[in-house]
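**Student:** There's a structure below that I have some questions on.
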Amino acid sequence: TEKYDKETKGIMYFGPGVHRPKDLPNNQIRIPGNTTVYLAPGAVVKAKLLVDKAENVRIIGRGILDHPIRGIEVTDSKNVLIDGITVVNPDHYTVFGGGSTGITIKNLKSFSYQGWSDGLDFMSCSDVVIDDVFLRNSDDCIAIYTHRWNYYGDSRNIRVLNSTLWADIAHPINIGTHGNTKTGDEVLEDILFKNIDILEHDEDDRDYQGCMTINVG
């Protein structure tokens with residue numbers, strides 16, 4: 001019911017039609033804090049949305065992110081809402097969370113076909129809610145880690161609810177795998193999956209199977 005028809009203060013607006021931003025580093029759009037990004041019905045944005053070191057960001061609407069490097073990247077940020085959009089064929093990740101807290105993802109649809117094109121991956125993130133999403137991905141649909149790359153710390157208080165998952169390979173749900181091997185003191189805890197439909201899981205590697213996989217390693 002929340003709609004916008006133009007760009008105003010605090011509103012980044014993408015109207016119906018194809019948006020192919022030019023001369024952007026890494027083909028990405030940086031979202032500042034205290035901003036609502038609105039993708040109107042019929043909007044097709046060919047770029048990654050980057051939320052880095054920002055607070056109070058909302059990405060909403062019924063538009064599409066099409067063939068981005070990553071759909072939405074949320075790093076070292078707080079209080080981010082993603083609601084209603086569709087992400088089609090990102091190179092890697094529909095939503096990537098790193099070192100962030102207070103991420104809410106609702107009514108998101110994702111389709112990907114390339115190698116290592118996960119759905120929703122979180123590294124050292126806490127206070128995450130995922131509700132009513134549909135993910136058909138070529139790799140893990142949802143993955144929850146502690147340390148990986150530049151992100152360190154625990155992953156706590158994560159809720160995945162009322163969602164449909166379809167992994168062409170790897171796992172619909174993947175917990176663990178990566179972590180801090182130097183100190184070994186990072187913790188994954190208080191993680192809930194509830195009312196989840198898994199439509200498909202086709203992983204030929206016998207040591208890497210499982211609709212819901214928990215890897216302690």
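Letters A, B, ... mark the chains of the structure tokens in the order given; residue numbers begin at 1 per chain; ligand numbers begin at 1, in order shown.
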As a list of chain:residue names, please: the residues near Gly71 in chain A (cut-off 7 Å, only C-alpha atoms, same-chain neighbours under 6 positions excluded).

**Tutor:**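 The residues satisfying every condition are A:Lys48, A:Leu49, A:Leu65, A:Val87, A:Pro90, A:Tyr93, A:Thr94, A:Val95.
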
**Student:** Could those residues be written to a file, using C-alpha atoms, as an mmCIF file, in the first residue's frame?

**Tutor:**
```cif
data_model
loop_
_atom_site.group_PDB
_atom_site.id
_atom_site.type_symbol
_atom_site.label_atom_id
_atom_site.label_comp_id
_atom_site.auth_asym_id
_atom_site.auth_seq_id
_atom_site.Cartn_x
_atom_site.Cartn_y
_atom_site.Cartn_z
ATOM 1 C CA LYS A 48 23.586 -3.888 -7.173
ATOM 2 C CA LEU A 49 22.167 -1.971 -4.214
ATOM 3 C CA LEU A 65 16.797 -6.165 -9.733
ATOM 4 C CA VAL A 87 15.861 -10.416 -7.843
ATOM 5 C CA PRO A 90 22.522 -12.227 -9.722
ATOM 6 C CA TYR A 93 23.930 -13.744 -3.791
ATOM 7 C CA THR A 94 20.466 -12.283 -3.828
ATOM 8 C CA VAL A 95 21.083 -10.674 -0.434
#
```

**Student:** Sorted by chain and rising residue number, list the residues of range 83-141 of chain A at most 12 Å from range 199-205 of chain A (counting only C-alpha atoms), each with its closest atom pair and distance in Å to one decimal, as a tab-separated table.

**Tutor:**
```
residue	atom	partner	partner_atom	distance
A:Phe134	CA	A:Leu199	CA	10.5
A:Leu135	CA	A:Leu199	CA	10.0
A:Arg136	CA	A:Glu200	CA	9.0
A:Asn137	CA	A:Glu200	CA	10.4
A:Ser138	CA	A:Asp202	CA	10.1
A:Asp139	CA	A:Glu203	CA	9.7
A:Asp140	CA	A:His201	CA	9.7
A:Cys141	CA	A:His201	CA	10.2
```

**Student:** Residues of range 12-211 of chain A in strand (DSSP E or B) according to DSSP, as an MDAnalysis selection string?

**Tutor:** chainID A and resid 12:14 17:19 28:30 35:39 43:45 48:52 55:61 64:66 72:75 78:83 86:88 95:98 101:106 109:111 120:123 126:131 134:137 142:145 148 151 155:167 173:176 188:201

**Student:** Within 12 Å of range 5-9 of chain A, counting only C-alpha atoms, which residues qualify if same-chain residues fewer than 6 places away don't, as a PyMOL selection string?

**Tutor:** chain A and resi 15-16+32+34-41+43+61

**Student:** Write out as number ranges by chain each polymer residue whose atoms come within 8 Å of Asn79 in chain A, counting only C-alpha atoms; drop sequence neighbours fewer than 4 positions from it.

**Tutor:** A: 55-57, 101-104

**Student:** Write the residues of the preceding selection, restricted to C-alpha atoms, as an mmCIF file, in the first residue's frame.

**Tutor:**
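This went into again30.cif:
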```cif
data_model
loop_
_atom_site.group_PDB
_atom_site.id
_atom_site.type_symbol
_atom_site.label_atom_id
_atom_site.label_comp_id
_atom_site.auth_asym_id
_atom_site.auth_seq_id
_atom_site.Cartn_x
_atom_site.Cartn_y
_atom_site.Cartn_z
ATOM 1 C CA GLU A 55 21.409 2.712 9.383
ATOM 2 C CA ASN A 56 17.660 2.855 8.828
ATOM 3 C CA VAL A 57 17.423 1.864 5.175
ATOM 4 C CA THR A 101 22.291 -6.326 12.808
ATOM 5 C CA GLY A 102 18.575 -5.782 12.431
ATOM 6 C CA ILE A 103 17.977 -7.115 8.907
ATOM 7 C CA THR A 104 14.362 -7.868 7.924
#
```

**Student:** Within 7 Å of Arg159 in chain A, counting only C-alpha atoms, which residues show up once you throw out same-chain ones fewer than 4 positions away? Write them as a ChimeraX atom specification, please.

**Tutor:** /A:128-130,191-193

**Student:** Hey, which of A:Cys211, A:Ile198, A:Ile105, A:Ile60 ends up closest to Val160 in chain A? Count only C-alpha atoms.

**Tutor:**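 Of all the options, A:Ile105 lies closest to Val160 in chain A.
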
**Student:** Mind checking which residues fall within 7 Å of Ala54 in chain A, counting only C-alpha atoms, ignoring those fewer than 3 positions away in the same chain, and posting them as a ChimeraX atom specification?

**Tutor:** /A:32-33,51,77-78

**Student:** Could you save the residues just selected, with all heavy atoms, as a compact mmCIF listing (two decimals), in the first residue's frame?

**Tutor:**
```
# COMPACT_ATOMS: atom_id res chain seq x y z
N PRO A 32 22.51 5.65 1.06
CA PRO A 32 22.88 6.30 2.32
C PRO A 32 21.90 5.96 3.43
O PRO A 32 20.80 5.43 3.18
CB PRO A 32 22.83 7.79 1.98
CG PRO A 32 21.84 7.88 0.86
CD PRO A 32 21.97 6.61 0.07
N GLY A 33 22.27 6.25 4.65
CA GLY A 33 21.39 6.00 5.79
C GLY A 33 20.12 6.83 5.73
O GLY A 33 20.04 7.83 5.02
N VAL A 51 24.30 -1.27 0.76
CA VAL A 51 24.08 -0.60 2.04
C VAL A 51 25.31 -0.89 2.89
O VAL A 51 25.49 -2.01 3.38
CB VAL A 51 22.81 -1.11 2.73
CG1 VAL A 51 22.58 -0.36 4.04
CG2 VAL A 51 21.60 -0.98 1.81
N SER A 77 26.11 -2.64 8.80
CA SER A 77 24.96 -1.74 8.85
C SER A 77 23.94 -2.20 9.88
O SER A 77 24.07 -3.28 10.47
CB SER A 77 24.31 -1.64 7.46
OG SER A 77 25.20 -1.02 6.54
N LYS A 78 22.92 -1.39 10.08
CA LYS A 78 21.94 -1.66 11.14
C LYS A 78 20.55 -1.20 10.70
O LYS A 78 20.42 -0.13 10.07
CB LYS A 78 22.35 -0.92 12.42
CG LYS A 78 21.49 -1.20 13.64
CD LYS A 78 22.07 -0.49 14.85
CE LYS A 78 21.23 -0.76 16.10
NZ LYS A 78 21.79 -0.07 17.29
```

**Student:** Considering only C-alpha atoms, state which residue in the set A:Thr75, A:Ser110, A:Asn162, A:Asn195 is at the smallest distance from Phe96 in chain A.

**Tutor:**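 Ranked by minimum distance to Phe96 in chain A, first place goes to A:Thr75.
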
**Student:** With only C-alpha atoms as the atoms that count, which of A:Lys53, A:His147, A:Arg62, A:His67 lies nearest to Asp185 in chain A?

**Tutor:**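 Looking at the shortest contact to Asp185 in chain A, the residue is A:His147.
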
**Student:** Record the distance separating CA of Asn174 in chain A and CA of Tyr145 in chain A, expressed in Å with one decimal.

**Tutor:**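 Computing it gives 8.5 Å between the two atoms.
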